[in-house]
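> Sharing a structure below in structure tokens format, with a few things to ask.
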4 protein chains.
Amino acid sequence: MSEAGFQYELEFVVRDYECDLQGVVNNANYQHYLEHARHEYLVSQGISFADLHDAGVDLIVAKVEITYKFPLRSRDRFVVKLRAEREGNVRLLFIQEIRRLPDQKLIVQARVTGVATKNGRPVSPLEIAEKLSL
Amino acid sequence: MSEAGFQYELEFVVRDYECDLQGVVNNANYQHYLEHARHEYLVSQGISFADLHDAGVDLIVAKVEITYKFPLRSRDRFVVKLRAEREGNVRLLFIQEIRRLPDQKLIVQARVTGVATKNGRPVSPLEIAEKLSL
Amino acid sequence: MSEAGFQYELEFVVRDYECDLQGVVNNANYQHYLEHARHEYLVSQGISFADLHDAGVDLIVAKVEITYKFPLRSRDRFVVKLRAEREGNVRLLFIQEIRRLPDQKLIVQARVTGVATKNGRPVSPLEIAEKLSL
Amino acid sequence: MSEAGFQYELEFVVRDYECDLQGVVNNANYQHYLEHARHEYLVSQGISFADLHDAGVDLIVAKVEITYKFPLRSRDRFVVKLRAEREGNVRLLFIQEIRRLPDQKLIVQARVTGVATKNGRPVSPLEIAEKLSL
């Protein structure tokens, strides 16, 4: 997967409280990093996750596949990259990577499938964007 | 503080992900334990934190004082104890302790001051309880 | 997948701090639940994750696939079920499910691939168990 | 407390997963912010929390007093400020504030008392710094 394929990236630094007793970032925290990058990406596109929720619309993760290649440690700098693709009518697919900085070592690869729901029912993510003038 | 003074207690086990790179429970997680015990206590009194929120009422922590006496480690069993007291008209004071099991070693002492707000304004916790028939 | 196929299960209750601004359990927390159940399963088999780490051996998650079927909400009771399988010489596969209680509604399905490393190099999980008399 | 009195400050943005079902940052997460700012401050002074731990020295929080003035919400920018003071021979006191940006609204005030331990026994923080050439 060429780096050129990513649409967005966001830099982070590992915080000590994110590391567990193995001295590395706890697995669940990578999901936090991936989520935060997705939400910031949506904001950069004019879509606020919190505002959507207030309007009855929730963007929901239907599936995650995360491959852990190498662990991050205390104070490592890293970047989360992503690109978004439509998958059929109601799904959004996010292809994401986490790479350590500055050496670009591959840390995590992820595929995250999202769906949009309005008042609990699946709706087209495109429709939502238009209806809400997002 | 005599153990007899507590009105409620709840048992937990330390989960590995709650430990940090020092091999002990991260300080912020004690606050999670203390909070969960308070919420379960409220539920035991017929008050649901989440239902209150849906009714526009939030129970908010105004202040915490936590003294860390001894750390918990992976898989330690422990109990969170509490008693609630009124403090003036709009404040609730929770006196809490965390003790390791089965040896009752003192881990944490805490004083947590709570206030109730309705649509963002402070209200008497007693009124709320009555108005909502909680 | 029949329920009979699971070797271990562990009950939990959703804690309010595990819910996010959508009012449901944040996705990353399901990974915490799945991890805690795996670690408790290992302990039930005489294997301590923390003791292994102190002996230079780390059980590492190489891959997770998590399908989110339905969200858990504040104070929901649920059970995490699992069965472990060998996958080749160096991999352990954990098949896991989260079901809400008491209605057994399917919440999450997960496949988690683990490998064991000693001082950073992959080793057979079986060898480790024997060498350490676990 | 005048702003001039702070020695260090670090900017953050609220991440959605840090908010709870009340739509505001969960109380325990402020402790994460405060901790991260302290650790980054120590690093800025040439002291690595993780390196210290590897050398047998742990900086431990003995007490926290946190006053919650106003909540942070999704995506709020904020700054954590601190100054460090010696308290007797073995204690370090951190005076900390969290202020929302750009309006400098006061969010949290905190006093955090730290002690240093070497192999579990309290030692002077100054001695450590010298011994380890930090």
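A note on labels: chains of the structure tokens are A, B, ... as shown, every chain counts residues from 1, and ligands are counted from 1 in their shown order.
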Write out as a list in words every residue belonging to chain B that has an atom at most 9 Å from any atom of chain D, counting only C-alpha atoms.
Leu21, Gln22, Asn27, Ala28, Asn29, Tyr30, Gln31, His32, Glu35, Ala50, His53, Asp54, Asp58, Ile60, Val61, Ala62, Lys63, Val64, Glu65, Ile66, Thr67, Tyr68, Lys69 and Phe70 of chain B
> What residues in chain B get the DSSP label helix (DSSP H, G or I)? Please answer as a ChimeraX atom specification.
/B:3-5,16-18,27-44,49-54,125-131
> One decimal, Å: what's the distance from CA of Leu93 (chain D) over to CA of Ala37 (chain D), could you say?
13.9 Å
> Would you mind writing down, as a VMD selection string, each residue of chain A that DSSP on the backbone assigns to strand (DSSP E)?
chain A and resid 8 to 13 57 to 68 77 to 87 91 to 101 106 to 118 121 to 123
> I'd like the interatomic distance between CA of Ala55 (chain B) and CA of Lys118 (chain B), to a tenth of an Å.
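We find that CA of Ala55 (chain B) and CA of Lys118 (chain B) lie 8.5 Å from each other.
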> Nearest residue to Leu101 (chain A) out of A:Asp20, A:Gly114, A:Arg73, A:Leu82, using only C-alpha atoms?
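Under the stated criterion, the closest residue is A:Arg73.
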> State, in Å with one decimal place, the distance from CA of Arg38 (chain D) to CA of Arg15 (chain B).
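Between CA of Arg38 (chain D) and CA of Arg15 (chain B) the gap is 25.2 Å.
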> Residues near Asp103 (chain D), anyone? I mean within 10 Å using only C-alpha atoms, not counting same-chain ones fewer than 4 positions away, as a list in words.
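Counting only C-alpha atoms, the residues come to Arg77, Phe78 and Arg99 of chain D.
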> I need the residues from that last selection saved to file as an mmCIF file, in the first residue's frame (with C-alpha atoms), if you can.

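Output contents, as saved in again-v1.cif:
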data_model
loop_
_atom_site.group_PDB
_atom_site.id
_atom_site.type_symbol
_atom_site.label_atom_id
_atom_site.label_comp_id
_atom_site.auth_asym_id
_atom_site.auth_seq_id
_atom_site.Cartn_x
_atom_site.Cartn_y
_atom_site.Cartn_z
ATOM 1 C CA ARG D 77 -8.696 22.787 22.945
ATOM 2 C CA PHE D 78 -7.073 23.312 26.330
ATOM 3 C CA ARG D 99 -7.725 26.186 31.011
#
> Give me the residues near Glu40 (chain B) as a PyMOL selection string, where near means some atom within 10 Å (using only C-alpha atoms) and where sequence neighbours in that chain fewer than 3 positions away do not count.
(chain B and resi 8-10+35-37+43-49) or (chain C and resi 15-16+75)
> Generate a file of the selected residues that holds all heavy atoms, formatted as a compact mmCIF listing (two decimals), in the first residue's frame.

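Full text of selection.txt as output:
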# COMPACT_ATOMS: atom_id res chain seq x y z
N TYR B 8 -21.93 1.20 52.10
CA TYR B 8 -21.99 0.42 50.86
C TYR B 8 -20.60 -0.05 50.52
O TYR B 8 -19.63 0.67 50.77
CB TYR B 8 -22.52 1.31 49.73
CG TYR B 8 -22.67 0.61 48.41
CD1 TYR B 8 -23.75 -0.25 48.17
CD2 TYR B 8 -21.71 0.77 47.42
CE1 TYR B 8 -23.87 -0.90 46.95
CE2 TYR B 8 -21.83 0.12 46.20
CZ TYR B 8 -22.91 -0.72 45.97
OH TYR B 8 -23.03 -1.37 44.78
N GLU B 9 -20.49 -1.23 49.98
CA GLU B 9 -19.19 -1.64 49.44
C GLU B 9 -19.35 -2.52 48.23
O GLU B 9 -20.36 -3.21 48.07
CB GLU B 9 -18.31 -2.28 50.51
CG GLU B 9 -18.90 -3.45 51.25
CD GLU B 9 -17.93 -3.93 52.32
OE1 GLU B 9 -17.69 -3.19 53.31
OE2 GLU B 9 -17.39 -5.03 52.17
N LEU B 10 -18.35 -2.46 47.36
CA LEU B 10 -18.41 -3.18 46.09
C LEU B 10 -17.04 -3.79 45.81
O LEU B 10 -16.02 -3.12 45.93
CB LEU B 10 -18.76 -2.18 44.97
CG LEU B 10 -19.02 -2.76 43.58
CD1 LEU B 10 -20.24 -3.68 43.56
CD2 LEU B 10 -19.19 -1.64 42.56
N GLU B 35 -15.68 6.01 41.18
CA GLU B 35 -16.89 6.44 40.47
C GLU B 35 -17.86 5.28 40.30
O GLU B 35 -19.07 5.43 40.53
CB GLU B 35 -16.52 7.02 39.09
CG GLU B 35 -17.75 7.41 38.26
CD GLU B 35 -17.42 7.73 36.81
OE1 GLU B 35 -16.72 8.72 36.55
OE2 GLU B 35 -17.87 6.97 35.91
N HIS B 36 -17.34 4.15 39.86
CA HIS B 36 -18.24 3.01 39.62
C HIS B 36 -18.94 2.61 40.92
O HIS B 36 -20.14 2.31 40.92
CB HIS B 36 -17.48 1.84 39.01
CG HIS B 36 -18.36 0.68 38.65
ND1 HIS B 36 -19.44 0.80 37.81
CD2 HIS B 36 -18.35 -0.61 39.05
CE1 HIS B 36 -20.04 -0.38 37.68
NE2 HIS B 36 -19.41 -1.24 38.43
N ALA B 37 -18.20 2.63 42.02
CA ALA B 37 -18.83 2.29 43.31
C ALA B 37 -19.91 3.30 43.67
O ALA B 37 -20.99 2.92 44.16
CB ALA B 37 -17.78 2.20 44.41
N VAL B 43 -27.54 3.44 42.33
CA VAL B 43 -28.49 2.48 41.76
C VAL B 43 -29.13 1.66 42.87
O VAL B 43 -30.34 1.42 42.87
CB VAL B 43 -27.80 1.57 40.73
CG1 VAL B 43 -28.69 0.38 40.40
CG2 VAL B 43 -27.45 2.36 39.46
N SER B 44 -28.31 1.27 43.85
CA SER B 44 -28.85 0.45 44.96
C SER B 44 -29.89 1.25 45.75
O SER B 44 -30.70 0.68 46.47
CB SER B 44 -27.71 -0.01 45.88
OG SER B 44 -27.29 1.05 46.74
N GLN B 45 -29.83 2.61 45.60
CA GLN B 45 -30.81 3.48 46.26
C GLN B 45 -31.91 3.89 45.29
O GLN B 45 -32.69 4.80 45.58
CB GLN B 45 -30.11 4.74 46.79
CG GLN B 45 -28.97 4.46 47.75
CD GLN B 45 -29.44 3.73 49.00
OE1 GLN B 45 -30.34 4.19 49.68
NE2 GLN B 45 -28.85 2.57 49.29
N GLY B 46 -31.94 3.27 44.12
CA GLY B 46 -33.00 3.55 43.16
C GLY B 46 -32.72 4.73 42.24
O GLY B 46 -33.62 5.25 41.58
N ILE B 47 -31.45 5.18 42.18
CA ILE B 47 -31.09 6.34 41.36
C ILE B 47 -30.15 5.92 40.24
O ILE B 47 -29.05 5.44 40.50
CB ILE B 47 -30.40 7.43 42.21
CG1 ILE B 47 -31.33 7.89 43.33
CG2 ILE B 47 -29.96 8.60 41.35
CD1 ILE B 47 -30.67 8.84 44.32
N SER B 48 -30.58 6.04 39.00
CA SER B 48 -29.72 5.70 37.87
C SER B 48 -29.07 6.94 37.30
O SER B 48 -29.74 7.88 36.86
CB SER B 48 -30.51 5.01 36.76
OG SER B 48 -29.80 5.12 35.54
N PHE B 49 -27.76 6.94 37.31
CA PHE B 49 -26.96 8.03 36.79
C PHE B 49 -27.34 8.31 35.32
O PHE B 49 -27.52 9.45 34.92
CB PHE B 49 -25.50 7.61 36.91
CG PHE B 49 -24.52 8.65 36.54
CD1 PHE B 49 -24.17 9.65 37.44
CD2 PHE B 49 -23.91 8.63 35.29
CE1 PHE B 49 -23.24 10.61 37.10
CE2 PHE B 49 -22.99 9.59 34.95
CZ PHE B 49 -22.65 10.58 35.85
N ARG C 15 -19.65 -0.44 33.11
CA ARG C 15 -19.46 0.68 34.04
C ARG C 15 -19.69 1.97 33.26
O ARG C 15 -19.30 2.08 32.10
CB ARG C 15 -18.04 0.64 34.61
CG ARG C 15 -17.73 -0.68 35.33
CD ARG C 15 -16.28 -0.76 35.76
NE ARG C 15 -15.98 -2.05 36.36
CZ ARG C 15 -14.76 -2.43 36.74
NH1 ARG C 15 -13.72 -1.61 36.59
NH2 ARG C 15 -14.57 -3.64 37.27
N ASP C 16 -20.30 2.97 33.92
CA ASP C 16 -20.68 4.19 33.20
C ASP C 16 -19.49 4.84 32.49
O ASP C 16 -19.64 5.38 31.39
CB ASP C 16 -21.32 5.21 34.15
CG ASP C 16 -22.75 4.81 34.53
OD1 ASP C 16 -23.37 4.04 33.77
OD2 ASP C 16 -23.24 5.26 35.57
N ARG C 75 -24.68 -0.10 32.48
CA ARG C 75 -25.14 -1.09 33.45
C ARG C 75 -25.64 -2.39 32.84
O ARG C 75 -26.09 -3.28 33.59
CB ARG C 75 -26.19 -0.50 34.40
CG ARG C 75 -25.73 0.85 34.98
CD ARG C 75 -26.35 1.20 36.28
NE ARG C 75 -26.07 0.22 37.29
CZ ARG C 75 -26.89 -0.71 37.71
NH1 ARG C 75 -28.10 -0.82 37.21
NH2 ARG C 75 -26.52 -1.55 38.63
